[in-house]
file data_29.cif (mmCIF, C-alpha atoms and all ligand atoms)
data_work
#
loop_
_atom_site.label_atom_id
_atom_site.label_comp_id
_atom_site.auth_asym_id
_atom_site.auth_seq_id
_atom_site.Cartn_x
_atom_site.Cartn_y
_atom_site.Cartn_z
CA MET A 4 132.09 100.20 111.14
CA SER A 5 135.24 99.06 109.40
CA ARG A 6 138.21 101.43 109.11
CA GLU A 7 137.74 101.60 105.35
CA GLU A 8 134.14 102.80 105.72
CA GLU A 9 135.08 105.35 108.37
CA THR A 10 137.47 107.16 106.06
CA THR A 11 134.81 107.86 103.42
CA ILE A 12 132.16 109.31 105.77
CA SER A 13 132.72 112.65 107.43
CA GLU A 14 132.25 112.90 111.20
CA THR A 15 129.60 115.57 111.14
CA MET A 16 126.53 116.19 109.03
CA ARG A 17 123.92 118.85 108.44
CA ALA A 18 120.58 118.32 110.17
CA SER A 19 117.43 120.44 110.08
CA VAL A 20 116.46 120.87 113.73
CA LEU A 21 113.14 122.05 115.16
CA ARG A 22 114.08 124.11 118.25
CA GLY A 23 110.62 125.46 119.05
CA ILE A 24 107.39 126.52 117.41
CA GLU A 25 108.17 127.86 113.91
CA ASP A 26 111.88 127.75 114.71
CA ILE A 27 113.84 125.41 112.41
CA VAL A 28 117.58 125.79 111.79
CA VAL A 29 120.27 123.73 110.10
CA GLU A 30 122.88 122.58 112.62
CA ARG A 31 125.98 120.44 112.44
CA ARG A 32 125.60 117.20 114.33
CA PRO A 33 127.76 114.09 114.64
CA VAL A 34 127.02 111.39 112.04
CA PRO A 35 125.25 108.66 114.06
CA GLN A 36 127.04 105.34 114.62
CA PRO A 37 125.09 102.21 113.66
CA GLY A 38 124.42 99.71 116.45
CA PRO A 39 125.20 96.01 115.89
CA TYR A 40 121.95 95.33 113.98
CA GLU A 41 121.75 98.74 112.31
CA VAL A 42 122.83 100.22 109.01
CA LEU A 43 124.02 103.78 108.42
CA ILE A 44 122.01 105.31 105.58
CA GLU A 45 122.86 108.35 103.49
CA VAL A 46 119.45 110.03 103.15
CA ARG A 47 118.49 110.76 99.53
CA ALA A 48 114.88 111.99 99.63
CA VAL A 49 112.36 112.76 102.38
CA GLY A 50 108.68 113.46 101.89
CA THR A 51 107.00 116.15 103.98
CA CYS A 52 103.90 115.19 105.92
CA GLY A 53 101.05 116.96 107.68
CA SER A 54 102.39 115.68 111.01
CA ASP A 55 105.74 117.44 110.42
CA THR A 56 103.87 120.67 109.69
CA HIS A 57 101.78 120.18 112.83
CA TYR A 58 104.91 119.83 114.99
CA LEU A 59 106.37 122.95 113.35
CA GLU A 60 103.26 125.04 114.00
CA HIS A 61 102.09 123.67 117.37
CA GLY A 62 105.11 121.93 118.93
CA ARG A 63 102.99 118.88 119.71
CA ILE A 64 100.56 116.27 118.39
CA GLY A 65 98.24 115.04 121.13
CA GLU A 66 100.37 113.72 123.97
CA HIS A 67 103.56 113.86 121.87
CA VAL A 68 105.20 117.12 122.89
CA VAL A 69 108.46 118.51 121.47
CA GLU A 70 110.46 119.15 124.67
CA ALA A 71 113.96 119.03 123.19
CA PRO A 72 115.35 119.93 119.74
CA LEU A 73 113.92 117.46 117.22
CA VAL A 74 114.73 116.47 113.64
CA LEU A 75 111.47 116.05 111.66
CA GLY A 76 110.80 113.89 108.58
CA HIS A 77 109.69 110.25 108.45
CA GLU A 78 109.11 109.48 104.73
CA ALA A 79 112.64 108.65 103.62
CA SER A 80 114.82 106.75 101.21
CA GLY A 81 118.58 106.46 100.96
CA VAL A 82 121.58 104.28 100.34
CA VAL A 83 123.38 102.08 102.87
CA VAL A 84 126.90 103.39 103.48
CA ALA A 85 128.01 101.37 106.53
CA ARG A 86 126.73 98.59 108.75
CA GLY A 87 126.93 97.24 112.25
CA ALA A 88 128.81 94.03 113.04
CA ARG A 89 125.73 91.77 113.12
CA VAL A 90 124.00 93.05 109.98
CA THR A 91 123.59 90.22 107.44
CA ARG A 92 120.93 91.30 104.93
CA LEU A 93 122.30 94.57 103.63
CA GLU A 94 125.57 95.78 102.17
CA PRO A 95 126.94 99.25 101.48
CA GLY A 96 125.61 100.54 98.16
CA GLN A 97 122.14 99.05 98.62
CA ARG A 98 119.33 101.57 98.00
CA VAL A 99 116.56 101.32 100.58
CA SER A 100 113.14 102.64 101.54
CA LEU A 101 112.99 103.39 105.26
CA GLU A 102 110.22 101.99 107.42
CA PRO A 103 110.52 104.67 110.08
CA GLY A 104 109.34 102.91 113.23
CA VAL A 105 111.17 100.19 115.12
CA PRO A 106 109.09 98.33 117.73
CA CYS A 107 110.27 96.44 120.83
CA PHE A 108 109.87 92.98 119.16
CA THR A 109 108.82 91.28 122.43
CA CYS A 110 105.52 92.71 123.75
CA SER A 111 102.17 90.95 123.17
CA GLN A 112 101.24 93.28 120.26
CA CYS A 113 104.61 92.69 118.57
CA ARG A 114 104.31 88.93 119.04
CA ALA A 115 100.80 89.03 117.54
CA GLY A 116 102.22 90.72 114.43
CA ARG A 117 100.58 94.05 115.24
CA TYR A 118 103.84 95.85 115.81
CA ASN A 119 102.27 99.17 114.77
CA LEU A 120 100.46 99.03 118.13
CA CYS A 121 103.63 98.37 120.15
CA PRO A 122 103.66 100.72 123.16
CA GLY A 123 107.46 100.74 122.99
CA MET A 124 107.56 101.86 119.34
CA ARG A 125 110.36 104.26 118.48
CA PHE A 126 109.14 106.23 115.48
CA PHE A 127 111.08 108.81 113.43
CA ALA A 128 110.21 112.47 114.07
CA THR A 129 108.08 111.61 117.10
CA PRO A 130 109.55 113.03 120.32
CA PRO A 131 112.13 112.13 121.51
CA VAL A 132 113.17 110.19 118.37
CA ASP A 133 114.85 112.20 115.60
CA GLY A 134 113.68 111.93 111.99
CA ALA A 135 115.29 112.09 108.57
CA PHE A 136 115.62 115.77 107.58
CA CYS A 137 119.39 115.31 107.81
CA GLU A 138 122.22 113.74 105.81
CA TYR A 139 122.57 110.38 107.61
CA VAL A 140 120.37 108.18 109.81
CA THR A 141 120.77 104.76 111.40
CA LEU A 142 118.06 102.11 111.22
CA HIS A 143 117.60 98.45 112.20
CA GLU A 144 118.35 96.43 109.06
CA GLU A 145 114.93 94.72 109.13
CA PHE A 146 113.30 98.11 108.58
CA ALA A 147 115.56 99.27 105.72
CA HIS A 148 113.83 97.68 102.73
CA PRO A 149 115.83 97.16 99.52
CA VAL A 150 114.33 98.82 96.43
CA PRO A 151 114.99 98.04 92.75
CA GLU A 152 116.96 100.48 90.58
CA THR A 153 113.78 101.28 88.63
CA LEU A 154 112.25 102.99 91.66
CA SER A 155 113.27 106.65 92.02
CA ASP A 156 114.62 107.98 95.33
CA GLU A 157 111.45 110.03 95.70
CA ALA A 158 109.12 107.09 95.03
CA ALA A 159 111.16 104.98 97.47
CA ALA A 160 110.58 107.66 100.12
CA LEU A 161 106.86 107.78 99.35
CA CYS A 162 106.50 104.04 100.04
CA GLU A 163 105.79 105.34 103.57
CA PRO A 164 102.51 107.13 102.76
CA LEU A 165 101.74 104.32 100.30
CA SER A 166 102.03 101.92 103.23
CA VAL A 167 99.29 103.91 104.97
CA GLY A 168 97.08 103.30 101.91
CA VAL A 169 97.96 99.60 101.78
CA TRP A 170 97.18 99.19 105.48
CA ALA A 171 93.85 101.01 105.10
CA CYS A 172 92.81 98.81 102.15
CA ARG A 173 93.77 95.68 104.07
CA LYS A 174 91.80 96.77 107.14
CA ALA A 175 88.81 97.50 104.88
CA ARG A 176 89.23 94.15 103.09
CA VAL A 177 89.16 95.87 99.69
CA GLY A 178 89.00 93.28 96.92
CA PRO A 179 87.51 92.57 93.51
CA ALA A 180 83.97 93.94 93.27
CA SER A 181 84.54 96.44 96.10
CA ARG A 182 82.85 99.80 95.65
CA VAL A 183 85.08 102.26 97.45
CA LEU A 184 84.56 105.86 98.50
CA VAL A 185 87.75 107.80 99.27
CA THR A 186 87.03 111.10 101.00
CA GLY A 187 89.90 113.57 100.60
CA ALA A 188 92.29 113.68 97.63
CA GLY A 189 95.44 114.72 99.46
CA PRO A 190 98.54 112.51 99.25
CA ILE A 191 97.00 109.79 101.46
CA GLY A 192 93.67 109.80 99.61
CA LEU A 193 95.54 109.59 96.30
CA VAL A 194 97.60 106.59 97.37
CA ALA A 195 94.59 104.93 99.04
CA ALA A 196 92.56 105.28 95.82
CA GLN A 197 95.39 103.84 93.74
CA THR A 198 95.85 100.96 96.17
CA ALA A 199 92.11 100.22 96.15
CA ARG A 200 92.22 99.89 92.35
CA ALA A 201 95.35 97.72 92.61
CA PHE A 202 93.48 95.47 95.07
CA GLY A 203 90.77 95.03 92.42
CA ALA A 204 88.10 97.52 93.47
CA ARG A 205 85.47 97.83 90.74
CA GLU A 206 84.57 101.42 91.50
CA VAL A 207 86.53 104.10 93.34
CA LEU A 208 84.84 107.45 93.89
CA VAL A 209 87.14 110.16 95.21
CA SER A 210 85.67 113.30 96.78
CA ASP A 211 87.36 116.61 97.61
CA VAL A 212 86.73 120.34 97.29
CA LYS A 213 89.85 121.11 95.21
CA PRO A 214 89.27 120.58 91.46
CA HIS A 215 92.96 120.10 90.59
CA ARG A 216 93.26 117.32 93.17
CA LEU A 217 90.17 115.62 91.75
CA GLU A 218 91.73 115.84 88.28
CA LEU A 219 94.84 114.12 89.59
CA ALA A 220 92.70 111.48 91.33
CA ALA A 221 90.89 110.78 88.05
CA GLU A 222 94.19 110.54 86.19
CA LEU A 223 95.72 108.15 88.72
CA ALA A 224 92.95 105.88 89.94
CA ALA A 225 89.42 107.18 90.47
CA THR A 226 86.63 105.76 88.32
CA ALA A 227 84.63 108.85 89.29
CA THR A 228 85.23 112.05 91.26
CA LEU A 229 82.92 114.34 93.18
CA ASP A 230 83.47 118.00 93.99
CA VAL A 231 81.70 118.11 97.35
CA GLY A 232 81.92 121.92 97.27
CA ARG A 233 79.27 121.73 94.53
CA THR A 234 77.41 118.46 95.08
CA PRO A 235 76.91 117.09 98.60
CA LEU A 236 77.96 113.45 98.99
CA GLY A 237 74.44 112.48 100.03
CA GLN A 238 73.18 113.58 96.61
CA SER A 239 75.76 111.57 94.67
CA GLY A 240 73.69 108.38 94.75
CA PHE A 241 76.89 106.40 95.41
CA GLU A 242 76.53 103.66 98.03
CA PRO A 243 79.99 102.31 98.80
CA ASP A 244 80.70 99.12 100.67
CA VAL A 245 84.04 100.58 101.76
CA LEU A 246 84.73 104.08 102.99
CA LEU A 247 88.37 105.12 103.27
CA GLU A 248 88.10 108.40 105.17
CA CYS A 249 91.20 110.44 104.28
CA SER A 250 89.94 114.00 104.73
CA GLY A 251 90.04 114.26 108.51
CA PHE A 252 87.28 116.87 108.16
CA PRO A 253 84.55 116.10 110.74
CA PRO A 254 81.43 117.19 108.74
CA ALA A 255 82.71 115.20 105.73
CA ILE A 256 83.28 112.13 107.89
CA ASN A 257 79.73 112.19 109.21
CA GLU A 258 78.20 112.65 105.78
CA ALA A 259 80.39 109.95 104.24
CA VAL A 260 79.48 107.35 106.89
CA ARG A 261 75.79 107.95 106.06
CA THR A 262 76.39 106.76 102.47
CA VAL A 263 77.89 103.37 103.42
CA SER A 264 75.88 100.30 102.44
CA ARG A 265 74.73 97.39 104.60
CA ALA A 266 77.59 95.39 106.15
CA GLY A 267 80.01 98.00 104.82
CA ARG A 268 83.36 98.91 106.30
CA VAL A 269 84.58 102.33 107.37
CA VAL A 270 88.28 102.93 107.92
CA LEU A 271 89.27 106.23 109.51
CA VAL A 272 92.65 107.18 108.06
CA GLY A 273 92.66 110.99 108.28
CA MET A 274 93.11 112.68 111.63
CA GLY A 275 89.93 114.58 112.34
CA GLY A 276 90.04 115.88 115.86
CA ASP A 277 89.42 113.94 119.04
CA GLU A 278 85.64 113.82 119.10
CA ILE A 279 83.21 114.01 116.22
CA PRO A 280 79.49 113.24 115.77
CA LEU A 281 78.73 109.98 113.92
CA PRO A 282 75.38 108.62 112.63
CA LEU A 283 75.29 105.67 115.02
CA SER A 284 71.78 104.47 114.13
CA HIS A 285 72.99 104.12 110.53
CA VAL A 286 76.07 102.21 111.75
CA GLN A 287 73.95 99.94 113.97
CA SER A 288 71.04 99.19 111.67
CA ARG A 289 73.34 98.41 108.76
CA GLU A 290 75.96 96.52 110.80
CA ILE A 291 78.72 98.76 109.54
CA GLU A 292 82.21 97.97 110.81
CA LEU A 293 84.11 101.08 111.79
CA THR A 294 87.80 101.09 112.67
CA GLY A 295 90.75 103.39 112.99
CA THR A 296 94.16 102.78 111.48
CA PHE A 297 97.45 103.57 113.12
CA ARG A 298 100.39 103.64 110.70
CA TYR A 299 100.93 100.10 109.28
CA ALA A 300 102.50 96.70 109.82
CA ASN A 301 104.15 94.41 107.26
CA THR A 302 103.25 96.65 104.33
CA TRP A 303 106.61 97.54 102.76
CA PRO A 304 107.06 94.53 100.44
CA THR A 305 103.59 95.17 98.98
CA ALA A 306 104.15 98.93 98.74
CA ILE A 307 107.49 98.47 96.96
CA ASP A 308 105.94 95.95 94.53
CA LEU A 309 103.03 98.26 93.73
CA ALA A 310 105.32 101.22 93.12
CA ALA A 311 108.05 99.33 91.25
CA SER A 312 105.56 97.62 88.94
CA GLY A 313 104.01 100.98 88.06
CA THR A 314 100.64 99.88 89.46
CA VAL A 315 100.80 102.85 91.82
CA ASP A 316 102.39 106.08 90.58
CA LEU A 317 104.17 107.88 93.42
CA ASP A 318 106.34 110.19 91.32
CA ARG A 319 103.20 111.99 90.04
CA LEU A 320 102.47 113.16 93.59
CA VAL A 321 105.68 115.20 93.85
CA THR A 322 105.01 118.87 93.09
CA HIS A 323 107.81 120.66 94.98
CA ARG A 324 111.46 120.03 95.92
CA PHE A 325 113.57 121.79 98.56
CA GLY A 326 117.06 121.60 100.05
CA LEU A 327 117.82 121.01 103.73
CA GLU A 328 118.03 124.77 104.38
CA GLU A 329 114.45 125.16 103.16
CA VAL A 330 112.59 122.65 105.36
CA GLU A 331 110.34 125.34 106.82
CA ARG A 332 109.28 126.42 103.33
CA ALA A 333 108.75 122.78 102.37
CA LEU A 334 106.48 122.23 105.38
CA THR A 335 104.33 125.29 104.65
CA VAL A 336 104.12 125.14 100.85
CA SER A 337 100.70 123.48 100.78
CA ALA A 338 99.26 126.37 102.82
CA ARG A 339 100.73 128.86 100.33
CA GLU A 340 100.16 127.10 97.03
CA ASP A 341 96.87 125.53 96.14
CA THR A 342 98.43 123.19 93.58
CA ALA A 343 100.88 121.60 96.04
CA VAL A 344 100.43 117.88 96.66
CA LYS A 345 103.73 116.49 98.01
CA ALA A 346 106.90 118.44 98.77
CA ILE A 347 110.18 116.54 98.95
CA VAL A 348 113.34 117.51 100.84
CA LEU A 349 116.62 116.49 99.19
CA PRO A 350 119.24 116.67 101.98
CA HIS A 351 122.28 116.49 99.68
CA GLU A 352 121.23 119.15 97.16
ZN ZN B 1 103.55 110.82 106.90
ZN ZN B 2 106.34 95.68 121.12
#
call {"tool": "encode", "arguments": {"input": "data_29.cif", "output": "structure tokens"}}
result
Amino acid sequence: MSREEETTISETMRASVLRGIEDIVVERRPVPQPGPYEVLIEVRAVGTCGSDTHYLEHGRIGEHVVEAPLVLGHEASGVVVARGARVTRLEPGQRVSLEPGVPCFTCSQCRAGRYNLCPGMRFFATPPVDGAFCEYVTLHEEFAHPVPETLSDEAAALCEPLSVGVWACRKARVGPASRVLVTGAGPIGLVAAQTARAFGAREVLVSDVKPHRLELAAELAATATLDVGRTPLGQSGFEPDVLLECSGFPPAINEAVRTVSRAGRVVLVGMGGDEIPLPLSHVQSREIELTGTFRYANTWPTAIDLAASGTVDLDRLVTHRFGLEEVERALTVSAREDTAVKAIVLPHE
């Protein structure tokens, strides 16, 4: 950093730190120093995610175990305030959406363009890598994506979950004439449904058990909605050629796969436990392609375009806002309040 930049940024910052199960405190930590290819970003908005809540409540997700104090939060936006000596693309003052995982760049998966599958990936808020519930973070400049002034800080942060929707629609080859079933109208289902429409899908049916979420789905993207608490999917008569499974609820996954048409595609987006029963004879006799998705690769330019053009509305997803001292409340609000969709943490408020 240049001397000039150093004088404007304090040496320490506030960070919300997970110390153990259900134990989050705000601590003072040194402001990180950007490496040669990194920028220092003042964090403006951070979305809360189910994975953050899972770490808070269980201290682990699968083999990722919180063994040392960890900063959560991986859906972030901010403004560049300083840069390393070799940074060329970004300057202080630039607003950015953070792509929160930096791969190794050299392994066979990285070289094939599938950097989301890089075994050496360093991803925000995944032990031992700290996340963004703090005032400043550093990030490789290639992963700090410039956003236009028309995009709000919150929408810029939510380009991360939108990227999950973009990746799912790409994997499912959603296009004009697609008939898409989105199971689950949480934040990911809502962005997946909007992205499917943006990709040209003719019909998008969104299913859930919460009426207010179905109303929001209808307002944002769905051509039809189904309250599966009242009408089972199998009785809907809808035969999609694409299933974007965003509920992560095993019985719903099984039932949804049974509705998929011949040569259809199933993309598992929601996390639904390690092992679930699937109707394999249906999958085999109809030649259904079934795949998982893991995060995303090369999605940010599309996500930013969709959000900035108003094709996808991310601001409508935000229902709650919290300061850095209230991260624990932010991560548990959806369990307390039925109307919660997306809670945002604003580190500087
Ligand atoms: Zn997330
Ligand atoms: Zn790699």
call {"tool": "residues_near_ligand", "arguments": {"input": "data_29.cif", "ligand": "ligand ZN 2 (chain B)", "cutoff": "10 Å", "atoms": "all atoms listed in the file", "output": "PyMOL selection string"}}
result
chain A and resi 105-125
call {"tool": "residues_around", "arguments": {"input": "data_29.cif", "residues": "A:Ile12", "least_positions_apart": "5", "cutoff": "10 Å", "atoms": "all atoms listed in the file", "output": "number ranges by chain"}}
result
A: 7, 34, 45, 84-85, 139
call {"tool": "closest_residue", "arguments": {"input": "data_29.cif", "among": "A:Thr141, A:Thr129, A:Ser13, A:Thr322", "to": "A:Leu101", "atoms": "all atoms listed in the file"}}
result
A:Thr141
call {"tool": "closest_atom_pairs", "arguments": {"input": "data_29.cif", "of": "chain A", "to": "ligand ZN 1 (chain B)", "cutoff": "8 Å", "atoms": "all atoms listed in the file", "output": "JSON lines"}}
result
{"residue": "A:Gly50", "atom": "CA", "partner": "B:ZN1", "partner_atom": "ZN", "distance": 7.6}
{"residue": "A:Thr51", "atom": "CA", "partner": "B:ZN1", "partner_atom": "ZN", "distance": 7.0}
{"residue": "A:Cys52", "atom": "CA", "partner": "B:ZN1", "partner_atom": "ZN", "distance": 4.5}
{"residue": "A:Gly53", "atom": "CA", "partner": "B:ZN1", "partner_atom": "ZN", "distance": 6.7}
{"residue": "A:Ser54", "atom": "CA", "partner": "B:ZN1", "partner_atom": "ZN", "distance": 6.5}
{"residue": "A:Asp55", "atom": "CA", "partner": "B:ZN1", "partner_atom": "ZN", "distance": 7.8}
{"residue": "A:His77", "atom": "CA", "partner": "B:ZN1", "partner_atom": "ZN", "distance": 6.4}
{"residue": "A:Glu78", "atom": "CA", "partner": "B:ZN1", "partner_atom": "ZN", "distance": 6.1}
{"residue": "A:Glu163", "atom": "CA", "partner": "B:ZN1", "partner_atom": "ZN", "distance": 6.8}
{"residue": "A:Pro164", "atom": "CA", "partner": "B:ZN1", "partner_atom": "ZN", "distance": 5.6}
call {"tool": "residues_around", "arguments": {"input": "data_29.cif", "residues": "stretch 260-266 of chain A", "least_positions_apart": "5", "cutoff": "10 Å", "atoms": "all atoms listed in the file", "output": "NGL selection string"}}
result
:A and (182-184 or 236-248 or 255 or 281-293)
call {"tool": "closest_residue", "arguments": {"input": "data_29.cif", "among": "A:Arg268, A:Pro95, A:Leu154, A:Thr305", "to": "A:Thr11", "atoms": "all atoms listed in the file"}}
result
A:Pro95
call {"tool": "atom_distance", "arguments": {"input": "data_29.cif", "atom1": "atom CA of A:Val74", "atom2": "atom CA of A:His61"}}
result
15.0 Å
call {"tool": "atom_distance", "arguments": {"input": "data_29.cif", "atom1": "atom CA of A:Thr153", "atom2": "atom CA of A:Asp316"}}
result
12.5 Å
call {"tool": "residues_around", "arguments": {"input": "data_29.cif", "residues": "A:Asp341", "least_positions_apart": "6", "cutoff": "10 Å", "atoms": "only C-alpha atoms", "output": "PyMOL selection string"}}
result
chain A and resi 213+215-216
call {"tool": "closest_residue", "arguments": {"input": "data_29.cif", "among": "A:Ala199, A:Val140, A:Ala48, A:Val194", "to": "A:Glu352", "atoms": "all atoms listed in the file"}}
result
A:Ala48
call {"tool": "residues_near_point", "arguments": {"input": "data_29.cif", "point": "(122.5, 111.2, 104.3)", "cutoff": "12 Å", "atoms": "only C-alpha atoms", "output": "PyMOL selection string"}}
result
chain A and resi 12-13+15-18+33-35+42-49+79-85+98+134-141+327+348-352
call {"tool": "atom_distance", "arguments": {"input": "data_29.cif", "atom1": "atom CA of A:Glu331", "atom2": "atom CA of A:Val344"}}
result
16.0 Å
call {"tool": "residues_around", "arguments": {"input": "data_29.cif", "residues": "A:Leu59", "least_positions_apart": "2", "cutoff": "10 Å", "atoms": "only C-alpha atoms", "output": "PyMOL selection string"}}
result
chain A and resi 21-27+53-57+61-63+69+75+331+334-335
call {"tool": "build_atoms", "arguments": {"input": "data_29.cif", "residues": "stretch 252-272 of chain A", "atoms": "N, CA and C atoms", "output": "PDB file, keeping the file's coordinate frame"}}
result
ATOM      1  N   PHE A 252      88.141 115.696 108.000  1.00  0.00           N
ATOM      2  CA  PHE A 252      87.280 116.870 108.160  1.00  0.00           C
ATOM      3  C   PHE A 252      85.952 116.398 108.754  1.00  0.00           C
ATOM      4  N   PRO A 253      85.684 116.711 110.042  1.00  0.00           N
ATOM      5  CA  PRO A 253      84.550 116.100 110.740  1.00  0.00           C
ATOM      6  C   PRO A 253      83.205 116.115 109.997  1.00  0.00           C
ATOM      7  N   PRO A 254      82.738 117.248 109.429  1.00  0.00           N
ATOM      8  CA  PRO A 254      81.430 117.190 108.740  1.00  0.00           C
ATOM      9  C   PRO A 254      81.449 116.215 107.560  1.00  0.00           C
ATOM     10  N   ALA A 255      82.602 116.119 106.874  1.00  0.00           N
ATOM     11  CA  ALA A 255      82.710 115.200 105.730  1.00  0.00           C
ATOM     12  C   ALA A 255      82.672 113.760 106.211  1.00  0.00           C
ATOM     13  N   ILE A 256      83.262 113.485 107.359  1.00  0.00           N
ATOM     14  CA  ILE A 256      83.280 112.130 107.890  1.00  0.00           C
ATOM     15  C   ILE A 256      81.864 111.664 108.183  1.00  0.00           C
ATOM     16  N   ASN A 257      81.115 112.508 108.858  1.00  0.00           N
ATOM     17  CA  ASN A 257      79.730 112.190 109.210  1.00  0.00           C
ATOM     18  C   ASN A 257      78.900 111.907 107.972  1.00  0.00           C
ATOM     19  N   GLU A 258      78.999 112.791 106.993  1.00  0.00           N
ATOM     20  CA  GLU A 258      78.200 112.650 105.780  1.00  0.00           C
ATOM     21  C   GLU A 258      78.601 111.397 105.006  1.00  0.00           C
ATOM     22  N   ALA A 259      79.910 111.125 104.985  1.00  0.00           N
ATOM     23  CA  ALA A 259      80.390 109.950 104.240  1.00  0.00           C
ATOM     24  C   ALA A 259      79.906 108.657 104.876  1.00  0.00           C
ATOM     25  N   VAL A 260      79.928 108.575 106.211  1.00  0.00           N
ATOM     26  CA  VAL A 260      79.480 107.350 106.890  1.00  0.00           C
ATOM     27  C   VAL A 260      78.020 107.062 106.540  1.00  0.00           C
ATOM     28  N   ARG A 261      77.206 108.124 106.391  1.00  0.00           N
ATOM     29  CA  ARG A 261      75.790 107.950 106.060  1.00  0.00           C
ATOM     30  C   ARG A 261      75.554 107.298 104.688  1.00  0.00           C
ATOM     31  N   THR A 262      76.582 107.328 103.808  1.00  0.00           N
ATOM     32  CA  THR A 262      76.390 106.760 102.470  1.00  0.00           C
ATOM     33  C   THR A 262      76.728 105.266 102.420  1.00  0.00           C
ATOM     34  N   VAL A 263      77.342 104.739 103.483  1.00  0.00           N
ATOM     35  CA  VAL A 263      77.890 103.370 103.420  1.00  0.00           C
ATOM     36  C   VAL A 263      76.771 102.328 103.447  1.00  0.00           C
ATOM     37  N   SER A 264      76.927 101.309 102.619  1.00  0.00           N
ATOM     38  CA  SER A 264      75.880 100.300 102.440  1.00  0.00           C
ATOM     39  C   SER A 264      75.860  99.299 103.596  1.00  0.00           C
ATOM     40  N   ARG A 265      74.884  98.421 103.572  1.00  0.00           N
ATOM     41  CA  ARG A 265      74.730  97.390 104.600  1.00  0.00           C
ATOM     42  C   ARG A 265      75.980  96.513 104.677  1.00  0.00           C
ATOM     43  N   ALA A 266      76.389  96.207 105.894  1.00  0.00           N
ATOM     44  CA  ALA A 266      77.590  95.390 106.150  1.00  0.00           C
ATOM     45  C   ALA A 266      78.847  96.001 105.535  1.00  0.00           C
ATOM     46  N   GLY A 267      78.838  97.318 105.371  1.00  0.00           N
ATOM     47  CA  GLY A 267      80.010  98.000 104.820  1.00  0.00           C
ATOM     48  C   GLY A 267      81.078  98.221 105.875  1.00  0.00           C
ATOM     49  N   ARG A 268      82.236  98.652 105.397  1.00  0.00           N
ATOM     50  CA  ARG A 268      83.360  98.910 106.300  1.00  0.00           C
ATOM     51  C   ARG A 268      83.810 100.359 106.178  1.00  0.00           C
ATOM     52  N   VAL A 269      84.074 100.959 107.319  1.00  0.00           N
ATOM     53  CA  VAL A 269      84.580 102.330 107.370  1.00  0.00           C
ATOM     54  C   VAL A 269      85.949 102.305 108.026  1.00  0.00           C
ATOM     55  N   VAL A 270      86.938 102.851 107.346  1.00  0.00           N
ATOM     56  CA  VAL A 270      88.280 102.930 107.920  1.00  0.00           C
ATOM     57  C   VAL A 270      88.654 104.409 108.033  1.00  0.00           C
ATOM     58  N   LEU A 271      88.898 104.841 109.263  1.00  0.00           N
ATOM     59  CA  LEU A 271      89.270 106.230 109.510  1.00  0.00           C
ATOM     60  C   LEU A 271      90.786 106.358 109.390  1.00  0.00           C
ATOM     61  N   VAL A 272      91.223 107.036 108.319  1.00  0.00           N
ATOM     62  CA  VAL A 272      92.650 107.180 108.060  1.00  0.00           C
ATOM     63  C   VAL A 272      93.110 108.596 108.416  1.00  0.00           C
TER      64      VAL A 272
END
